[in-house]
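Colleague: Data: coords01.tsv, TSV, C-alpha atoms and all ligand atoms.
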chain	number	residue	atom	x	y	z
K	1	MET	CA	223.16	63.87	10.88
K	2	GLU	CA	222.18	61.44	13.39
K	3	HIS	CA	219.95	63.92	15.09
K	4	LEU	CA	216.88	64.33	12.90
K	5	SER	CA	213.89	63.55	15.03
K	6	THR	CA	211.96	60.47	14.10
K	7	GLY	CA	208.45	61.35	14.80
K	8	GLY	CA	207.64	64.48	16.69
K	9	GLY	CA	205.85	66.27	13.87
K	10	ALA	CA	205.53	66.76	10.16
K	11	GLY	CA	208.14	69.53	9.91
K	12	ARG	CA	211.22	68.92	7.82
K	13	ARG	CA	213.71	68.62	10.63
K	14	SER	CA	211.40	66.42	12.58
K	15	THR	CA	209.67	64.41	9.90
K	16	CYS	CA	210.09	60.73	10.02
K	17	PRO	CA	209.28	59.33	7.19
K	18	SER	CA	202.51	52.56	3.75
K	19	ASN	CA	202.37	50.56	1.57
K	20	ALA	CA	198.88	51.77	1.14
K	21	HIS	CA	198.21	51.33	-2.52
K	22	GLY	CA	198.97	49.36	-5.61
K	23	LEU	CA	198.79	45.82	-4.32
K	24	ASP	CA	196.00	45.17	-6.78
K	25	SER	CA	198.44	45.62	-9.60
K	26	LEU	CA	200.88	42.96	-8.40
K	27	PRO	CA	201.14	40.16	-10.95
K	28	GLY	CA	199.95	36.75	-9.90
K	29	ARG	CA	198.02	38.08	-6.92
K	30	SER	CA	195.41	35.58	-5.93
K	31	LEU	CA	194.59	36.72	-2.40
K	32	PRO	CA	193.45	40.07	-1.03
K	33	GLY	CA	196.28	42.59	-1.15
K	34	TRP	CA	196.96	42.74	2.55
K	35	SER	CA	197.73	39.05	2.69
K	36	LEU	CA	200.80	39.59	0.54
K	37	VAL	CA	202.43	41.47	3.38
K	38	GLY	CA	204.47	38.91	5.25
K	39	CYS	CA	204.62	36.41	2.36
K	40	ARG	CA	207.74	34.33	2.72
K	41	ARG	CA	210.23	33.13	0.21
K	42	GLY	CA	212.57	30.21	0.61
K	43	ASP	CA	215.37	32.20	2.30
K	44	LYS	CA	217.20	30.34	5.00
K	45	PRO	CA	215.82	31.54	8.36
K	46	GLY	CA	218.46	32.94	10.67
K	47	ALA	CA	221.09	33.36	7.96
K	48	ALA	CA	222.97	36.66	8.17
K	49	GLY	CA	220.86	39.43	6.75
K	50	VAL	CA	217.78	37.29	6.25
K	51	SER	CA	214.86	37.80	8.61
K	52	ALA	CA	213.44	34.52	9.78
K	53	GLU	CA	210.02	36.08	9.83
K	54	TYR	CA	209.90	38.48	6.90
K	55	ALA	CA	211.92	37.39	3.91
K	56	PRO	CA	211.93	40.00	1.15
K	57	HIS	CA	209.17	40.11	-1.39
K	58	MET	CA	208.08	42.81	-3.76
K	59	TYR	CA	206.06	45.69	-2.38
K	60	SER	CA	204.28	48.12	-4.66
K	61	TYR	CA	205.98	51.12	-3.03
K	62	PRO	CA	209.62	50.87	-4.21
K	63	PRO	CA	211.40	52.31	-1.12
K	64	LEU	CA	210.03	49.35	0.82
K	65	ASN	CA	211.93	46.96	-1.48
K	66	LEU	CA	215.30	48.61	-0.95
K	67	SER	CA	217.99	46.48	0.66
K	68	VAL	CA	221.64	47.13	1.49
K	69	SER	CA	223.63	44.14	2.78
K	70	THR	CA	227.02	44.03	4.46
K	71	PRO	CA	228.67	40.92	5.92
K	72	ARG	CA	227.33	41.92	9.36
K	73	LEU	CA	223.90	43.40	8.77
K	74	GLU	CA	221.19	44.41	6.35
K	75	LEU	CA	219.33	47.70	5.94
K	76	ARG	CA	215.90	47.08	4.54
K	77	GLY	CA	212.96	49.31	3.60
K	78	ALA	CA	210.88	49.90	6.75
K	79	THR	CA	207.74	47.92	5.99
K	80	ASP	CA	204.98	47.82	8.56
K	81	ASP	CA	205.91	44.20	9.30
K	82	LEU	CA	209.49	45.10	10.13
K	83	LEU	CA	208.37	48.11	12.17
K	84	GLU	CA	206.05	45.82	14.12
K	85	GLU	CA	209.04	43.64	14.95
K	86	LEU	CA	210.86	46.72	16.21
K	87	VAL	CA	207.98	47.79	18.46
K	88	PRO	CA	209.20	45.81	21.52
K	89	VAL	CA	212.56	47.61	21.29
K	90	VAL	CA	210.89	51.03	21.16
K	91	ARG	CA	208.41	50.07	23.87
K	92	ALA	CA	211.26	48.98	26.15
K	93	GLY	CA	213.01	52.33	25.67
K	94	LEU	CA	216.04	50.70	24.04
K	95	ALA	CA	216.22	53.28	21.24
K	96	ASP	CA	217.04	56.04	23.74
K	97	ALA	CA	220.36	56.65	25.49
K	98	GLU	CA	221.95	58.62	28.31
K	99	PRO	CA	222.81	61.43	27.79
K	100	PRO	CA	219.75	61.95	25.59
K	101	PRO	CA	220.91	61.77	21.96
K	102	PHE	CA	217.98	63.28	20.03
K	103	ASP	CA	216.88	66.85	19.38
K	104	ASP	CA	213.29	67.94	19.91
K	105	PRO	CA	210.64	67.02	19.02
K	106	MET	CA	211.28	63.32	19.44
K	107	SER	CA	208.70	60.60	19.85
K	108	LEU	CA	211.31	58.29	21.38
K	109	TYR	CA	211.44	60.55	24.48
K	110	GLU	CA	207.74	60.01	25.20
K	111	PRO	CA	207.62	58.44	28.70
K	112	ASP	CA	204.43	56.42	28.22
K	113	PRO	CA	205.47	53.27	26.27
K	114	ASP	CA	202.19	52.89	24.37
K	115	LEU	CA	202.11	56.54	23.38
K	116	ARG	CA	205.80	56.36	22.45
K	117	VAL	CA	205.14	53.51	20.03
K	118	GLN	CA	202.09	55.27	18.63
K	119	LYS	CA	203.91	58.56	18.02
K	120	TRP	CA	206.96	56.79	16.60
K	121	LEU	CA	204.86	54.86	14.07
K	122	GLN	CA	202.79	57.90	13.17
K	123	GLY	CA	205.96	59.89	12.53
K	124	ILE	CA	207.24	57.25	10.13
K	125	TRP	CA	203.92	57.01	8.31
K	126	ARG	CA	203.68	60.79	8.02
K	127	GLY	CA	207.13	60.89	6.51
K	128	ARG	CA	206.34	58.17	3.99
K	129	GLY	CA	203.25	60.04	2.92
K	130	SER	CA	205.07	63.34	2.40
K	131	VAL	CA	207.86	62.16	0.08
K	132	THR	CA	208.50	64.60	-2.80
K	133	PRO	CA	211.54	65.25	-5.03
K	134	ASP	CA	212.28	68.28	-2.81
K	135	PHE	CA	212.21	66.37	0.43
K	136	TRP	CA	212.32	62.67	1.12
K	137	ARG	CA	213.13	60.53	4.09
K	138	LEU	CA	214.08	56.91	3.56
K	139	ASN	CA	213.46	54.80	6.66
K	140	LEU	CA	215.50	51.62	6.75
K	141	VAL	CA	215.26	48.94	9.42
K	142	VAL	CA	218.57	47.46	10.60
K	143	LEU	CA	218.55	43.66	10.63
K	144	ILE	CA	221.20	41.95	12.74
K	145	ASP	CA	221.21	38.17	12.29
K	146	GLY	CA	217.87	38.69	10.62
K	147	ARG	CA	216.38	40.47	13.64
K	148	PRO	CA	215.11	44.08	13.40
K	149	SER	CA	217.39	45.93	15.82
K	150	GLY	CA	217.40	49.62	14.94
K	151	MET	CA	216.85	52.19	12.23
K	152	GLN	CA	219.05	53.92	9.72
K	153	ASP	CA	217.42	56.80	7.89
K	154	ILE	CA	218.61	58.87	4.97
K	155	ILE	CA	217.11	62.29	4.30
K	156	GLY	CA	217.38	64.25	1.07
K	157	THR	CA	216.48	67.93	0.78
K	158	SER	CA	216.58	69.36	-2.76
K	159	PHE	CA	218.76	66.34	-3.49
K	160	ASP	CA	218.75	66.87	-7.26
K	161	THR	CA	220.11	70.38	-6.76
K	162	TYR	CA	222.68	69.85	-4.04
K	163	GLY	CA	223.37	66.11	-4.06
K	164	THR	CA	223.53	66.14	-0.27
K	165	ALA	CA	221.98	63.62	2.10
K	166	VAL	CA	221.77	63.45	5.86
K	167	THR	CA	221.87	60.26	7.91
K	168	PHE	CA	220.17	59.46	11.21
K	169	SER	CA	220.29	56.23	13.18
K	170	TRP	CA	219.70	54.39	16.40
K	171	LEU	CA	220.56	50.87	17.47
K	172	SER	CA	219.00	48.84	20.27
K	173	ALA	CA	220.98	49.56	23.45
K	174	GLU	CA	222.14	46.01	24.14
K	175	LEU	CA	223.83	45.82	20.72
K	176	ARG	CA	225.87	49.02	20.96
K	177	GLY	CA	229.64	49.19	21.26
K	178	ARG	CA	230.33	46.26	18.91
K	179	GLY	CA	231.03	48.19	15.76
K	180	LEU	CA	227.51	47.79	14.40
K	181	GLY	CA	226.76	51.53	14.46
K	182	ARG	CA	229.79	52.10	12.30
K	183	GLU	CA	228.74	49.28	9.96
K	184	MET	CA	225.24	50.78	9.66
K	185	ARG	CA	226.70	54.16	8.71
K	186	GLU	CA	229.05	52.56	6.19
K	187	ALA	CA	226.07	50.82	4.59
K	188	ALA	CA	224.18	54.13	4.52
K	189	LEU	CA	227.14	55.93	2.95
K	190	HIS	CA	227.42	53.19	0.32
K	191	LEU	CA	223.77	53.72	-0.56
K	192	CYS	CA	224.19	57.50	-0.66
K	193	PHE	CA	227.30	57.61	-2.81
K	194	GLU	CA	227.17	54.41	-4.86
K	195	GLY	CA	223.40	54.05	-5.05
K	196	PHE	CA	222.10	57.63	-5.11
K	197	GLU	CA	225.30	59.21	-6.52
K	198	ALA	CA	225.37	61.81	-3.77
K	199	ALA	CA	228.03	64.50	-3.72
K	200	GLU	CA	228.13	64.78	0.07
K	201	ALA	CA	226.70	63.15	3.19
K	202	SER	CA	226.36	64.75	6.59
K	203	SER	CA	225.57	63.96	10.20
K	204	GLU	CA	225.00	65.89	13.41
K	205	ALA	CA	225.16	64.88	17.06
K	206	PHE	CA	225.16	66.58	20.44
K	207	LEU	CA	228.70	67.21	21.65
K	208	ASP	CA	228.30	64.59	24.39
K	209	ASN	CA	227.09	61.86	22.02
K	210	VAL	CA	230.37	59.96	22.01
K	211	GLY	CA	229.15	57.02	19.92
K	212	SER	CA	227.71	59.01	17.03
K	213	ASN	CA	230.55	61.54	16.91
K	214	ARG	CA	233.10	58.76	17.06
K	215	VAL	CA	231.45	56.93	14.15
K	216	SER	CA	231.59	60.10	12.03
K	217	GLN	CA	235.20	60.75	12.91
K	218	ALA	CA	236.26	57.14	12.35
K	219	LEU	CA	234.71	57.12	8.87
K	220	GLY	CA	236.62	60.18	7.72
K	221	TYR	CA	233.97	62.88	8.06
K	222	GLU	CA	235.25	66.43	8.52
K	223	ARG	CA	233.98	68.70	11.25
K	224	ASN	CA	231.63	71.28	9.76
K	225	GLY	CA	230.99	73.67	12.62
K	226	THR	CA	228.39	73.51	15.32
K	227	THR	CA	224.74	74.37	15.55
K	228	TRP	CA	222.14	74.72	18.28
K	229	ALA	CA	219.16	72.51	18.97
K	230	THR	CA	216.94	71.83	21.93
K	231	ARG	CA	217.06	68.55	23.73
K	232	ARG	CA	214.18	67.93	26.08
K	233	GLY	CA	213.58	71.67	26.03
K	234	GLN	CA	217.14	72.72	26.84
K	235	PRO	CA	219.43	74.39	24.27
K	236	GLU	CA	222.52	72.31	23.46
K	237	GLN	CA	225.24	72.45	20.87
K	238	MET	CA	225.55	69.89	18.13
K	239	GLN	CA	228.63	68.95	16.17
K	240	ARG	CA	228.08	68.97	12.40
K	241	TRP	CA	229.99	66.53	10.19
K	242	ARG	CA	230.33	66.16	6.42
K	243	ILE	CA	232.00	63.71	4.07
K	244	THR	CA	232.37	64.34	0.36
K	245	ARG	CA	232.23	61.78	-2.40
K	246	GLU	CA	235.95	62.31	-3.05
K	247	LYS	CA	236.78	61.61	0.59
K	248	TRP	CA	234.57	58.53	0.66
K	249	LEU	CA	235.76	56.95	-2.62
K	250	PRO	CA	239.12	55.58	-1.41
K	251	ALA	CA	237.30	53.88	1.49
K	252	ARG	CA	234.58	52.46	-0.75
K	253	ARG	CA	233.88	48.87	0.25
K	254	ASP	CA	233.44	46.06	-2.24
K	255	ASP	CA	231.54	43.75	0.12
K	256	ILE	CA	228.31	45.75	0.26
K	257	THR	CA	225.46	44.86	-2.09
K	258	MET	CA	222.25	46.74	-2.84
K	259	THR	CA	218.94	45.90	-4.46
K	260	GLY	CA	215.98	48.06	-5.41
K	261	VAL	CA	217.95	51.29	-5.73
K	262	ASP	CA	216.81	52.44	-9.19
K	263	ALA	CA	213.10	52.10	-8.46
K	264	CYS	CA	213.57	53.94	-5.18
K	265	ARG	CA	215.37	56.78	-6.96
K	266	GLU	CA	212.46	57.08	-9.35
K	267	THR	CA	210.03	57.37	-6.45
K	268	PHE	CA	212.17	60.14	-5.00
K	269	GLY	CA	212.15	61.94	-8.34
K	270	GLN	CA	215.91	61.72	-8.77
K	271	SER	CA	217.24	62.37	-12.24
K	272	PRO	CA	218.61	59.23	-13.92
H	1	LIG	C1	225.13	56.09	17.73
H	1	LIG	C2	225.03	54.61	17.67
H	1	LIG	C3	224.14	54.18	16.49
H	1	LIG	C4	226.45	54.05	17.48
H	1	LIG	O1	226.36	52.64	17.42
H	1	LIG	P1	227.41	51.71	18.20
H	1	LIG	O2	227.16	50.32	17.71
H	1	LIG	O3	227.30	51.94	19.63
H	1	LIG	O4	228.80	52.25	17.67
H	1	LIG	P2	230.09	51.39	17.36
H	1	LIG	O5	230.16	50.21	18.27
H	1	LIG	O6	230.16	51.15	15.90
H	1	LIG	O7	231.23	52.38	17.81
H	1	LIG	C5	231.84	53.26	16.92
H	1	LIG	C6	232.95	53.96	17.67
H	1	LIG	O8	232.41	54.73	18.73
H	1	LIG	C7	232.96	54.31	19.97
H	1	LIG	N1	231.87	54.36	20.90
H	1	LIG	C8	230.60	53.96	20.71
H	1	LIG	N2	229.87	54.22	21.81
H	1	LIG	C9	230.71	54.78	22.70
H	1	LIG	C10	230.56	55.26	24.02
H	1	LIG	N3	229.36	55.25	24.63
H	1	LIG	N4	231.64	55.77	24.64
H	1	LIG	C11	232.84	55.81	24.03
H	1	LIG	N5	233.04	55.37	22.77
H	1	LIG	C12	232.00	54.86	22.13
H	1	LIG	C13	233.47	52.91	19.72
H	1	LIG	O9	234.52	52.58	20.60
H	1	LIG	C14	233.94	53.01	18.31
H	1	LIG	O10	235.18	53.69	18.27
H	1	LIG	P3	236.35	53.15	17.32
H	1	LIG	O11	235.82	53.27	15.90
H	1	LIG	O12	237.46	54.06	17.61
H	1	LIG	O13	236.57	51.73	17.73
H	1	LIG	C15	224.45	54.00	18.98
H	1	LIG	O14	225.32	54.30	20.03
H	1	LIG	C16	223.06	54.50	19.32
H	1	LIG	O15	222.07	53.97	18.84
H	1	LIG	N6	222.98	55.52	20.21
H	1	LIG	C17	221.69	56.07	20.63
H	1	LIG	C18	221.00	56.81	19.52
H	1	LIG	C19	221.91	57.85	18.95
H	1	LIG	O16	222.73	58.43	19.60
H	1	LIG	N7	221.68	58.11	17.66
H	1	LIG	C20	222.35	59.17	17.05
H	1	LIG	C21	221.56	60.41	17.28
H	1	LIG	S1	222.46	61.82	16.78
Would you give me this structure, written as structure tokens?
Modeller:
Amino acid sequence: MEHLSTGGGAGRRSTCPSNAHGLDSLPGRSLPGWSLVGCRRGDKPGAAGVSAEYAPHMYSYPPLNLSVSTPRLELRGATDDLLEELVPVVRAGLADAEPPPFDDPMSLYEPDPDLRVQKWLQGIWRGRGSVTPDFWRLNLVVLIDGRPSGMQDIIGTSFDTYGTAVTFSWLSAELRGRGLGREMREAALHLCFEGFEAAEASSEAFLDNVGSNRVSQALGYERNGTTWATRRGQPEQMQRWRITREKWLPARRDDITMTGVDACRETFGQSP
């Protein structure tokens, strides 16, 4: 479902999912823990999928080390550094769309840019801090040509019991309509099915959200009824979509790579 709110509150439908602890235990640490954030490795700046500013390094909180790479983009654990790089996009209102795509509550609808950024970050931090085996939200930053350009989240509710995951995404407005939204979702599905061994993935979007609904349809999701949600206070119908593992398998891509999946699964309490 593309519609889960990213920061309006701590409730399950609206929870957006710090690397707040554990740096002391990193091997070879010679500087205060915070200085490790933003350490660079010798990756080639500007190369596809490699951020010029924040090359990957090991964080103590495993979901932050997760990476899924396709030939066109990379999804990477939403570290505070990457989120900071996304702030100008959120501040400029480029995560939003017309007609409004998100259900309430939604920090990205906040009209004041500073407050919008504040609520958006707080929503993500709240979500990180409330991860349990029963409910987790994985926030991934979308890197296009190494530049943070959007978010792709995956949400699991009683995942060990049902094996179902929900996706949510947004892409900076100037990059839409080039097939990147579809590529993001394909990367997310690869992580769900290949990485997390999900049985089913789902998505939801308001009926007039052409882009999101089209992505679901194009990737072979089946319609799964409609539901109601409020959008800026008004009731609206949403289309629900689902894709099973069996339906996804024939379309499985062999050009998507992942790192950090096992440690992330452990953090989410998934059975091996
Ligand atoms: C949803 C979103 C991530 C899709 O990303 P995108 O890069 O625009 O999508 P793509 O370019 O991959 O397009 C996928 C398909 O949708 C179609 N499409 C996308 N936007 C469209 C639009 N506004 N009108 C008509 N068709 C559109 C494309 O033509 C393509 O169809 P095809 O597969 O038949 O060629 C992006 O539009 C977005 O961030 N929207 C705002 C936030 C949002 O709606 N999030 C989802 C909340 S539920």
Colleague: CA of Gly211 (chain K) and CA of Ser158 (chain K), how far apart in Å?
Modeller: 28.7 Å
Colleague: Report, in Å to a single decimal, how far apart atom N3 of ligand LIG 1 (chain H) and CA of Gly179 (chain K) are.
Modeller: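 Interatomic distance, CA of Gly179 (chain K) to atom N3 of ligand LIG 1 (chain H): 11.5 Å.
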Colleague: Residues within 9 Å of ligand LIG 1 (chain H), counting all atoms listed in the file: report them as a ChimeraX atom specification.
Modeller: /K:1-5,94-103,150-152,168-173,175-185,203-206,209-219,238
Colleague: Could you jot down the CA of Gln122 (chain K) to CA of Val141 (chain K) separation for me, Å, one decimal place?
Modeller: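 Value for the CA of Gln122 (chain K)-CA of Val141 (chain K) distance: 15.8 Å.
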Colleague: Return as AutoDock Vina command-line options the box centre and box size in Å, one decimal, for an axis-aligned box around all listed atoms of region 89-105 of chain K padded by 6 Å per side.
Modeller:
--center_x 215.6 --center_y 57.8 --center_z 23.7 --size_x 26.4 --size_y 32.3 --size_z 21.3
Colleague: Using only C-alpha atoms, find all polymer residues with an atom at most 8 Å away from the point (223.4, 63.2, -6.1); report them as a ChimeraX atom specification.
Modeller: /K:159-164,192-193,196-200
Colleague: Since we have the selection now, will you write its residues out, keeping C-alpha atoms, as a PDB file, keeping the file's coordinate frame?
Modeller:
ATOM      1  CA  PHE K 159     218.760  66.340  -3.490  1.00  0.00           C
ATOM      2  CA  ASP K 160     218.750  66.870  -7.260  1.00  0.00           C
ATOM      3  CA  THR K 161     220.110  70.380  -6.760  1.00  0.00           C
ATOM      4  CA  TYR K 162     222.680  69.850  -4.040  1.00  0.00           C
ATOM      5  CA  GLY K 163     223.370  66.110  -4.060  1.00  0.00           C
ATOM      6  CA  THR K 164     223.530  66.140  -0.270  1.00  0.00           C
ATOM      7  CA  CYS K 192     224.190  57.500  -0.660  1.00  0.00           C
ATOM      8  CA  PHE K 193     227.300  57.610  -2.810  1.00  0.00           C
ATOM      9  CA  PHE K 196     222.100  57.630  -5.110  1.00  0.00           C
ATOM     10  CA  GLU K 197     225.300  59.210  -6.520  1.00  0.00           C
ATOM     11  CA  ALA K 198     225.370  61.810  -3.770  1.00  0.00           C
ATOM     12  CA  ALA K 199     228.030  64.500  -3.720  1.00  0.00           C
ATOM     13  CA  GLU K 200     228.130  64.780   0.070  1.00  0.00           C
TER      14      GLU K 200
END
Colleague: Near region 67-79 of chain K, counting all atoms listed in the file, which residues have an atom at most 6 Å away, once you skip same-chain residues fewer than 6 positions from it, shown as a list of chain:residue names?
Modeller: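 So, after excluding close chain neighbours, the residues are K:Gly49, K:Asn139, K:Leu140, K:Val141, K:Val142, K:Leu143, K:Ile144, K:Ile256, K:Thr257, K:Met258, K:Thr259.
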Colleague: For Val166 (chain K), work out the shell of residues within 7 Å, counting all atoms listed in the file and skipping chain neighbours fewer than 3 positions away, then give it as an NGL selection string.
Modeller: :K and (1 or 154-156 or 201-203)
Colleague: Find the residues around Arg252 (chain K) up to 8 Å (only C-alpha atoms counted), leave out those fewer than 3 positions away in its own chain, and share them as a list in words.
Modeller: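 Near Arg252 (chain K), the qualifying residues are His190, Trp248 and Leu249 of chain K.
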